[in-house]
Each structure stands twice: as structure tokens, then as C-alpha cells.
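K.L.:
Sharing protein-v7.tsv here; it has TSV, C-alpha atoms.
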chain	number	residue	atom	x	y	z
N	229	MET	CA	-42.05	-55.85	-15.07
N	230	ILE	CA	-43.80	-52.82	-13.57
N	231	THR	CA	-42.37	-49.99	-11.47
N	232	LEU	CA	-44.31	-48.54	-8.54
N	233	ASN	CA	-42.94	-45.07	-7.89
N	234	PHE	CA	-45.34	-43.73	-5.29
N	235	ASN	CA	-46.70	-45.03	-1.98
N	236	ASN	CA	-48.20	-43.74	1.26
N	237	PHE	CA	-45.62	-45.15	3.70
N	238	GLY	CA	-42.40	-43.42	2.67
N	239	GLY	CA	-40.91	-46.43	0.92
N	240	GLY	CA	-38.61	-46.50	-2.07
N	241	ILE	CA	-39.36	-47.43	-5.67
N	242	VAL	CA	-40.67	-50.99	-6.02
N	243	THR	CA	-40.39	-53.24	-9.09
N	244	LEU	CA	-42.64	-56.27	-9.51
N	245	ASN	CA	-42.79	-58.98	-12.14
N	246	ASP	CA	-46.25	-58.93	-13.64
N	247	TYR	CA	-48.78	-60.71	-15.79
N	248	GLN	CA	-51.93	-58.75	-16.58
N	249	SER	CA	-55.30	-59.62	-18.05
N	250	LYS	CA	-58.84	-58.43	-17.34
N	251	ASP	CA	-59.62	-61.64	-15.41
N	252	ILE	CA	-56.41	-62.35	-13.51
N	253	CYS	CA	-53.25	-60.42	-12.67
N	254	VAL	CA	-50.14	-61.98	-11.13
N	255	LEU	CA	-47.53	-59.95	-9.25
N	256	ASN	CA	-44.37	-61.12	-7.58
N	257	GLY	CA	-41.58	-59.22	-5.85
N	258	LYS	CA	-40.48	-57.71	-2.55
N	259	ILE	CA	-41.38	-54.51	-0.71
N	260	ILE	CA	-39.15	-53.12	2.07
N	261	VAL	CA	-40.93	-51.17	4.82
N	262	ASN	CA	-39.34	-48.77	7.33
N	263	PRO	CA	-41.67	-48.66	10.37
N	264	THR	CA	-39.97	-45.54	11.76
N	265	ASN	CA	-40.95	-43.42	8.74
N	266	SER	CA	-43.48	-40.75	9.68
N	267	ALA	CA	-45.66	-41.51	6.65
N	268	TYR	CA	-45.80	-45.19	7.66
N	269	ILE	CA	-46.78	-44.32	11.21
N	270	LEU	CA	-49.74	-42.26	9.95
N	271	ALA	CA	-50.93	-44.82	7.38
N	272	ASN	CA	-53.88	-47.09	8.19
N	273	ARG	CA	-52.89	-49.47	5.41
N	274	LEU	CA	-50.06	-49.64	2.91
N	275	GLU	CA	-50.86	-48.34	-0.57
N	276	LEU	CA	-48.71	-48.37	-3.70
N	277	ASP	CA	-49.83	-46.64	-6.90
N	278	LEU	CA	-50.08	-49.03	-9.83
N	279	PRO	CA	-49.06	-47.78	-13.29
N	280	SER	CA	-51.59	-45.97	-15.41
N	281	GLY	CA	-53.41	-48.47	-17.59
N	282	PHE	CA	-52.96	-51.42	-15.23
N	283	ALA	CA	-55.41	-54.10	-16.37
N	284	MET	CA	-57.39	-54.36	-13.12
N	285	SER	CA	-58.65	-51.40	-11.08
N	286	LYS	CA	-60.04	-53.49	-8.21
N	287	SER	CA	-59.79	-57.11	-7.15
N	288	ALA	CA	-61.01	-59.69	-4.69
N	289	MET	CA	-58.88	-60.34	-1.61
N	290	SER	CA	-55.48	-61.96	-2.08
N	291	THR	CA	-52.46	-62.42	0.17
N	292	ALA	CA	-48.91	-61.29	0.86
N	293	VAL	CA	-46.38	-62.53	3.43
N	294	LEU	CA	-44.67	-60.32	6.02
N	295	VAL	CA	-41.16	-61.42	7.02
N	296	SER	CA	-39.98	-59.50	10.06
N	297	ASN	CA	-36.47	-58.60	11.17
N	298	ALA	CA	-36.97	-60.22	14.57
N	299	PRO	CA	-33.77	-61.77	15.95
N	300	ILE	CA	-32.79	-65.20	14.59
N	301	TYR	CA	-36.16	-66.54	13.48
N	302	ARG	CA	-37.53	-63.68	11.38
N	303	ASP	CA	-41.08	-64.48	12.46
N	304	GLY	CA	-43.85	-63.46	10.10
N	305	THR	CA	-47.39	-64.05	8.91
N	306	VAL	CA	-49.87	-63.72	6.05
N	307	LEU	CA	-51.35	-60.30	5.21
N	308	HIS	CA	-54.44	-59.34	3.27
N	309	CYS	CA	-53.55	-57.81	-0.10
N	310	TRP	CA	-55.83	-56.45	-2.83
N	311	ILE	CA	-56.21	-53.92	-5.66
N	312	GLU	CA	-58.46	-50.91	-5.14
N	313	ASN	CA	-58.76	-47.71	-7.18
N	314	ASN	CA	-55.63	-48.62	-9.15
N	315	LYS	CA	-53.60	-49.05	-5.97
N	316	LEU	CA	-51.97	-52.15	-4.55
N	317	CYS	CA	-53.26	-52.22	-0.95
N	318	ILE	CA	-51.71	-54.27	1.85
N	319	GLU	CA	-52.87	-54.81	5.41
N	320	LYS	CA	-50.71	-52.97	7.96
N	321	LEU	CA	-49.50	-55.06	10.88
N	322	THR	CA	-47.31	-53.40	13.53
N	323	VAL	CA	-46.51	-56.28	15.87
N	324	TRP	CA	-42.86	-56.50	14.66
N	325	ASP	CA	-42.22	-52.77	14.10
N	326	SER	CA	-39.80	-52.57	17.02
N	327	HIS	CA	-37.36	-54.85	15.15
N	328	GLY	CA	-36.75	-52.37	12.34
N	329	ASN	CA	-37.25	-52.68	8.60
N	330	TYR	CA	-39.33	-55.61	7.45
N	331	GLU	CA	-40.12	-57.21	4.09
N	332	ILE	CA	-43.40	-57.98	2.37
N	333	TYR	CA	-43.33	-60.65	-0.32
N	334	ILE	CA	-45.93	-60.48	-3.07
N	335	ASN	CA	-46.25	-63.80	-4.90
N	336	SER	CA	-49.95	-63.58	-5.59
N	337	ALA	CA	-52.78	-63.70	-8.09
N	338	PHE	CA	-55.54	-61.09	-8.15
N	339	VAL	CA	-58.93	-61.90	-9.65
N	340	THR	CA	-61.89	-59.70	-10.46
N	341	ARG	CA	-64.21	-58.98	-7.57
N	342	GLY	CA	-67.75	-60.30	-8.01
N	343	TYR	CA	-66.95	-62.39	-11.10
N	344	ARG	CA	-70.13	-63.92	-12.57
N	345	GLY	CA	-68.72	-65.80	-15.55
N	346	VAL	CA	-67.90	-69.45	-16.09
N	347	LEU	CA	-65.01	-70.89	-14.08
N	348	SER	CA	-62.71	-73.35	-15.81
N	349	TYR	CA	-60.44	-75.90	-14.15
N	350	THR	CA	-56.73	-75.70	-14.90
N	351	GLN	CA	-55.12	-79.13	-14.98
N	352	THR	CA	-52.30	-79.75	-12.51
N	353	LYS	CA	-48.99	-80.91	-13.90
N	354	PRO	CA	-47.06	-83.85	-12.43
N	355	ILE	CA	-43.68	-83.01	-10.92
N	356	THR	CA	-41.14	-85.15	-9.08
N	357	ILE	CA	-38.38	-84.64	-6.52
N	358	ASN	CA	-34.94	-85.78	-7.65
N	359	ASN	CA	-33.16	-85.76	-4.26
N	360	ILE	CA	-35.61	-87.91	-2.30
N	361	ASP	CA	-33.01	-88.51	0.42
N	362	LEU	CA	-33.73	-84.98	1.70
N	363	PHE	CA	-37.23	-84.09	0.50
N	364	GLY	CA	-40.61	-85.75	0.12
N	365	PHE	CA	-44.07	-84.34	-0.59
N	366	LEU	CA	-47.01	-84.86	1.73
N	367	TYR	CA	-49.15	-82.72	-0.59
N	368	LYS	CA	-48.40	-80.79	-3.75
N	369	ASN	CA	-50.31	-78.78	-6.33
N	370	TYR	CA	-48.42	-77.46	-9.32
N	371	VAL	CA	-50.20	-75.58	-12.12
N	372	GLU	CA	-48.39	-74.20	-15.13
N	373	THR	CA	-49.70	-71.83	-17.79
N	374	ASP	CA	-47.85	-70.05	-20.57
N	375	ASP	CA	-47.69	-66.92	-18.39
N	376	TYR	CA	-47.27	-68.01	-14.76
N	377	ILE	CA	-47.04	-70.94	-12.34
N	378	SER	CA	-48.84	-71.73	-9.11
N	379	PHE	CA	-47.04	-74.02	-6.68
N	380	ALA	CA	-48.15	-75.14	-3.23
N	381	ALA	CA	-46.43	-77.91	-1.28
N	382	VAL	CA	-46.48	-79.43	2.19
N	383	PHE	CA	-43.56	-81.72	2.94
N	384	LEU	CA	-43.44	-85.07	4.67
N	385	LYS	CA	-39.63	-85.01	4.47
N	386	PHE	CA	-37.74	-81.71	4.71
N	387	PRO	CA	-34.29	-80.89	6.15
N	388	ASN	CA	-34.29	-80.21	9.89
N	389	ASN	CA	-31.56	-77.78	10.88
N	390	ILE	CA	-30.60	-79.65	14.06
N	391	LEU	CA	-30.01	-82.87	12.12
N	392	LYS	CA	-28.81	-81.51	8.78
N	393	GLY	CA	-27.19	-78.16	9.63
N	394	GLN	CA	-27.67	-74.71	8.11
N	395	GLY	CA	-27.37	-75.69	4.46
N	396	PRO	CA	-27.58	-74.36	1.84
N	397	PHE	CA	-30.12	-76.92	0.68
N	398	ASN	CA	-31.41	-77.40	-2.85
N	399	LEU	CA	-34.78	-78.94	-3.62
N	400	GLN	CA	-34.18	-80.48	-7.04
N	401	LEU	CA	-37.30	-80.94	-9.14
N	402	SER	CA	-38.24	-82.37	-12.51
N	403	GLY	CA	-41.21	-81.07	-14.47
N	404	THR	CA	-41.23	-77.48	-13.20
N	405	ALA	CA	-40.80	-74.43	-15.45
N	406	THR	CA	-37.21	-73.23	-15.62
N	407	ASN	CA	-38.04	-69.63	-16.59
N	408	VAL	CA	-39.33	-68.51	-13.19
N	409	SER	CA	-37.29	-66.51	-10.68
N	410	ALA	CA	-38.84	-65.60	-7.32
N	411	GLU	CA	-37.96	-65.15	-3.66
N	412	ILE	CA	-40.47	-67.12	-1.59
N	413	PRO	CA	-41.11	-67.34	2.16
N	414	ILE	CA	-41.08	-70.88	3.54
N	415	ILE	CA	-42.86	-71.74	6.79
N	416	VAL	CA	-40.48	-73.88	8.83
N	417	THR	CA	-42.00	-73.87	12.32
N	418	ASP	CA	-40.90	-77.19	13.83
N	419	PHE	CA	-43.45	-77.02	16.63
N	420	PRO	CA	-45.90	-74.31	17.72
N	421	SER	CA	-45.39	-72.45	20.98
N	422	ARG	CA	-47.71	-70.17	22.91
N	423	PHE	CA	-44.79	-67.76	23.21
N	424	MET	CA	-44.45	-67.41	19.44
N	425	THR	CA	-45.82	-64.51	17.42
N	426	GLY	CA	-46.59	-65.70	13.90
N	427	ASN	CA	-44.45	-68.47	12.43
N	428	LYS	CA	-40.76	-69.12	11.86
N	429	LEU	CA	-39.87	-68.18	8.30
N	430	ILE	CA	-36.94	-68.42	5.96
N	431	VAL	CA	-36.74	-66.99	2.45
N	432	GLY	CA	-35.73	-69.26	-0.40
N	433	THR	CA	-34.99	-68.64	-4.07
N	434	PHE	CA	-36.96	-70.52	-6.71
N	435	GLU	CA	-34.92	-70.43	-9.91
N	436	ASN	CA	-34.29	-72.76	-12.86
N	437	GLY	CA	-37.07	-75.00	-11.56
N	438	ASN	CA	-35.41	-75.64	-8.19
N	439	LEU	CA	-35.58	-74.15	-4.68
N	440	THR	CA	-32.51	-73.10	-2.67
N	441	PHE	CA	-32.54	-72.02	0.99
N	442	SER	CA	-30.50	-71.89	4.21
N	443	TYR	CA	-31.23	-71.75	7.92
N	444	PRO	CA	-29.89	-69.14	10.37
N	445	ASP	CA	-27.28	-70.25	12.88
N	446	ASN	CA	-27.84	-71.12	16.56
N	447	THR	CA	-31.59	-71.74	16.53
N	448	SER	CA	-33.96	-74.23	18.06
N	449	PRO	CA	-35.40	-76.81	15.62
N	450	MET	CA	-36.57	-75.47	12.27
N	451	GLY	CA	-37.83	-77.36	9.23
N	452	GLY	CA	-38.76	-81.01	9.19
N	453	SER	CA	-42.14	-82.52	8.38
N	454	ARG	CA	-45.03	-80.11	7.66
N	455	SER	CA	-42.79	-77.33	6.33
N	456	PHE	CA	-44.60	-75.69	3.44
N	457	PHE	CA	-44.81	-72.90	0.88
N	458	ASN	CA	-47.44	-71.49	-1.46
N	459	PHE	CA	-46.66	-69.03	-4.26
N	460	ILE	CA	-47.64	-67.80	-7.71
N	461	ALA	CA	-44.96	-66.35	-9.98
N	462	VAL	CA	-44.68	-64.91	-13.47
N	463	ARG	CA	-42.77	-66.77	-16.19
N	464	ASP	CA	-40.07	-64.95	-18.12
N	465	LYS	CA	-40.87	-65.62	-21.77
N	466	ALA	CA	-37.45	-64.39	-22.84
N	467	LYS	CA	-35.89	-67.43	-21.16
N	468	LEU	CA	-36.07	-71.06	-22.17
N	469	THR	CA	-38.93	-73.01	-20.63
Let me see the structure of the file written as C-alpha cells.
P.N.:
Amino acid sequence: MITLNFNNFGGGIVTLNDYQSKDICVLNGKIIVNPTNSAYILANRLELDLPSGFAMSKSAMSTAVLVSNAPIYRDGTVLHCWIENNKLCIEKLTVWDSHGNYEIYINSAFVTRGYRGVLSYTQTKPITINNIDLFGFLYKNYVETDDYISFAAVFLKFPNNILKGQGPFNLQLSGTATNVSAEIPIIVTDFPSRFMTGNKLIVGTFENGNLTFSYPDNTSPMGGSRSFFNFIAVRDKAKLT
């Protein structure tokens, strides 16, 4: 775990789970942003100082996810995120600033910019859903190393809040690492609308190899087929795998 004490937007101290090597670094955690802070207003992008000796001084482009505090749906979107001059840099997007504090979720891998070496393929690992009455994969890609996991999934079957209620729901899986703990945004837009800004999001907890989440109350349809998530998270080697 690393601690980021200084930033250019007036935020508090941030802690992130980390895996570091010269070729790939993985970070996961949450950043809270106050859009009324004077330092934030003046910033062109969000910058957080990485610890001295961090393994990578600059990276290719990666991603983060903004989850707003907009009423009910907590709309959000993907942001550009990268490492530059030993700083974690994040694209600044102000479209939801009027709704107050918002969250940025970092569940990302950072690779060296301009890499010229040999690329190797990491084998995917088979995983299965235990509660197939509620969930079913349309597409999945699960990769597991000794240090981190990468998990992307699009669902053919996924709880719809109008039919199944608010939850909580628990996606029960077999074959996933049980020593990962991460908060992950889940895209649950039931149908797109020209009046929407971004997508409907909820935040779930991936822990002990399973995913738990709930829906807000009194909403239009959320969830259902085509709900999806995509995250990379560090494994805790102190815990059983």
C-alpha cells in the first residue's frame, strides 16, 4: 500500500493498493474530490505526487472511473489516467461539479510508454458463476497472476432493479482469487437516453472472490443484460489465495 500525501486539487491523503515493477504497475483505490476547493478550480488536471522511488516515472495512457454525486443515479464516465514525472495524473471533468463531492476509482494497470520489448500472452483462467439463477456471462476475461488480477465481464443475465428489487445482490464465483479487496464501479444503464450525461453507475465490493452490490431506491430500470465491469486489482499476499 502507498500513501499519496500531496496533490494539486486540495484533496486529503489518499492510500492505494499497489504492485510495482519496471514494466507494469497496478494501483487500486478511491480518490474523493471537492469541486468547490479553490485549488481544484484552478487545476487543469488532477495530480497526486507518487512516493519517492516509485517504480515507474511515466506511463502510457490508462483509465480511471468518475462516479458523480448526481441525484439517484450517480452518473459517471471513464477518465484518462497516467503517470508523468512521478505524479499520478487524472483528466479533469467538470460536468458534474454542481452536485458536490465526487469519487474517482483507480483500478488500473500502468505500462511503460514506448515499450519496444517482447510481449507475452498471459493465459486466461476459467471461472464459473455459482448462482446462475441471477447471473450469466455474455463475455468474460479473467487473468490471474501472483500479484494481481484482471477481470472484465459483460453479462447476459444480471439483476434488474424493477424485477428483483434493490438487493443487496451477491455474484458468487468459483475460480477467482480470494485475496483481493476492491471497490469497483459497475455500469448498469438499462437503456441509453439522449438526456443522459455519462452512464448510470453503482459501486460494488469485490471481496473473497465474489461481488456484492445494491441499487438505489425509486429509480427507473437499472441493471439487466449488458451490465458490465472492468477492473484490475492487487492481491494481498498476506491472505489465503
K.L.:
Leaving out Ile357 of chain N and any residue of its chain fewer than 4 positions from it, which residues lie within 7 Å of it when counting only C-alpha atoms, given as a VMD selection string?
P.N.:
chain N and resid 400 to 402
K.L.:
Mind running segment 319-345 of chain N against segment 291-304 of chain N at 9 Å and telling me each contacting residue's nearest atom pair with the distance in Å (one decimal), counting all atoms listed in the file, chain and number ascending, as CSV?
P.N.:
residue,atom,partner,partner_atom,distance
N:Glu319,CA,N:Ala292,CA,8.9
N:Leu321,CA,N:Leu294,CA,8.6
N:Trp324,CA,N:Ser296,CA,6.2
N:Asp325,CA,N:Ser296,CA,8.2
N:Ser326,CA,N:Ala298,CA,8.5
N:His327,CA,N:Ala298,CA,5.4
N:Gly328,CA,N:Asn297,CA,6.3
N:Asn329,CA,N:Asn297,CA,6.5
N:Tyr330,CA,N:Ser296,CA,4.7
N:Glu331,CA,N:Val295,CA,5.2
N:Ile332,CA,N:Leu294,CA,4.5
N:Tyr333,CA,N:Val293,CA,5.2
N:Ile334,CA,N:Ala292,CA,5.0
N:Asn335,CA,N:Ala292,CA,6.8
N:Ser336,CA,N:Thr291,CA,6.4
N:Ala337,CA,N:Thr291,CA,8.4
N:Phe338,CA,N:Thr291,CA,9.0
K.L.:
Filtering to C-alpha atoms, could you give me those residues as an mmCIF file, keeping the file's coordinate frame?
P.N.:
data_model
loop_
_atom_site.group_PDB
_atom_site.id
_atom_site.type_symbol
_atom_site.label_atom_id
_atom_site.label_comp_id
_atom_site.auth_asym_id
_atom_site.auth_seq_id
_atom_site.Cartn_x
_atom_site.Cartn_y
_atom_site.Cartn_z
ATOM 1 C CA GLU N 319 -52.870 -54.810 5.410
ATOM 2 C CA LEU N 321 -49.500 -55.060 10.880
ATOM 3 C CA TRP N 324 -42.860 -56.500 14.660
ATOM 4 C CA ASP N 325 -42.220 -52.770 14.100
ATOM 5 C CA SER N 326 -39.800 -52.570 17.020
ATOM 6 C CA HIS N 327 -37.360 -54.850 15.150
ATOM 7 C CA GLY N 328 -36.750 -52.370 12.340
ATOM 8 C CA ASN N 329 -37.250 -52.680 8.600
ATOM 9 C CA TYR N 330 -39.330 -55.610 7.450
ATOM 10 C CA GLU N 331 -40.120 -57.210 4.090
ATOM 11 C CA ILE N 332 -43.400 -57.980 2.370
ATOM 12 C CA TYR N 333 -43.330 -60.650 -0.320
ATOM 13 C CA ILE N 334 -45.930 -60.480 -3.070
ATOM 14 C CA ASN N 335 -46.250 -63.800 -4.900
ATOM 15 C CA SER N 336 -49.950 -63.580 -5.590
ATOM 16 C CA ALA N 337 -52.780 -63.700 -8.090
ATOM 17 C CA PHE N 338 -55.540 -61.090 -8.150
#
K.L.:
Show which residues sit within 8 Å of Val242 of chain N, as a ChimeraX atom specification. Count only C-alpha atoms, and ignore same-chain residues fewer than 5 positions away.
P.N.:
/N:231-233,258-259
K.L.:
So, counting all atoms listed in the file, which residue among N:Pro387, N:Gly437, N:Gly432, N:Gly345 is closest to Gly452 of chain N?
P.N.:
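That would be N:Pro387, the residue with the smallest distance to Gly452 of chain N.
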K.L.:
Go through N:Val462, N:Thr243, N:Pro444, N:Cys317 and flag the residue nearest Tyr376 of chain N, using only C-alpha atoms for the distances.
P.N.:
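Closest to Tyr376 of chain N of all the choices is N:Val462.
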K.L.:
To one decimal in Å, tell me the separation between atom CA of Glu372 of chain N and atom CA of Phe459 of chain N.
P.N.:
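Computing the Euclidean distance for atom CA of Glu372 of chain N and atom CA of Phe459 of chain N yields 12.2 Å.
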K.L.:
Smallest atom-to-atom distance to Thr322 of chain N: which of N:Asn436, N:Thr352, N:Ser287, N:Thr425, using only C-alpha atoms?
P.N.:
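The shortest atom-to-atom distance to Thr322 of chain N comes from N:Thr425.
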K.L.:
So which one's closest to Ala288 of chain N, N:Asn262, N:Thr406, N:Asn358, N:Thr340? Using all atoms listed in the file, please.
P.N.:
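Nearest to Ala288 of chain N: N:Thr340.
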K.L.:
Go ahead and find all residues with at least one atom no further than 12 Å from (-53.7, -50.8, 10.2) in the file's coordinates, using all atoms listed in the file; report them as a ChimeraX atom specification.
P.N.:
/N:237,268-275,307-308,317-323
K.L.:
Take atom CA of Thr264 of chain N and atom CA of Phe234 of chain N and report the distance between them in Å, one decimal.
P.N.:
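Atom CA of Phe234 of chain N lies at a distance of 18.0 Å from atom CA of Thr264 of chain N.
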K.L.:
Distance table requested - segment 247-268 of chain N against segment 279-284 of chain N, cut-off 9 Å, all atoms listed in the file: one row per qualifying residue with the closest atom pair and its distance in Å to one decimal, ordered by chain and rising residue number, as CSV.
P.N.:
residue,atom,partner,partner_atom,distance
N:Gln248,CA,N:Ala283,CA,5.8
N:Ser249,CA,N:Ala283,CA,5.8
N:Lys250,CA,N:Ala283,CA,5.6
N:Asp251,CA,N:Met284,CA,8.0
N:Ile252,CA,N:Met284,CA,8.1
N:Cys253,CA,N:Met284,CA,7.4
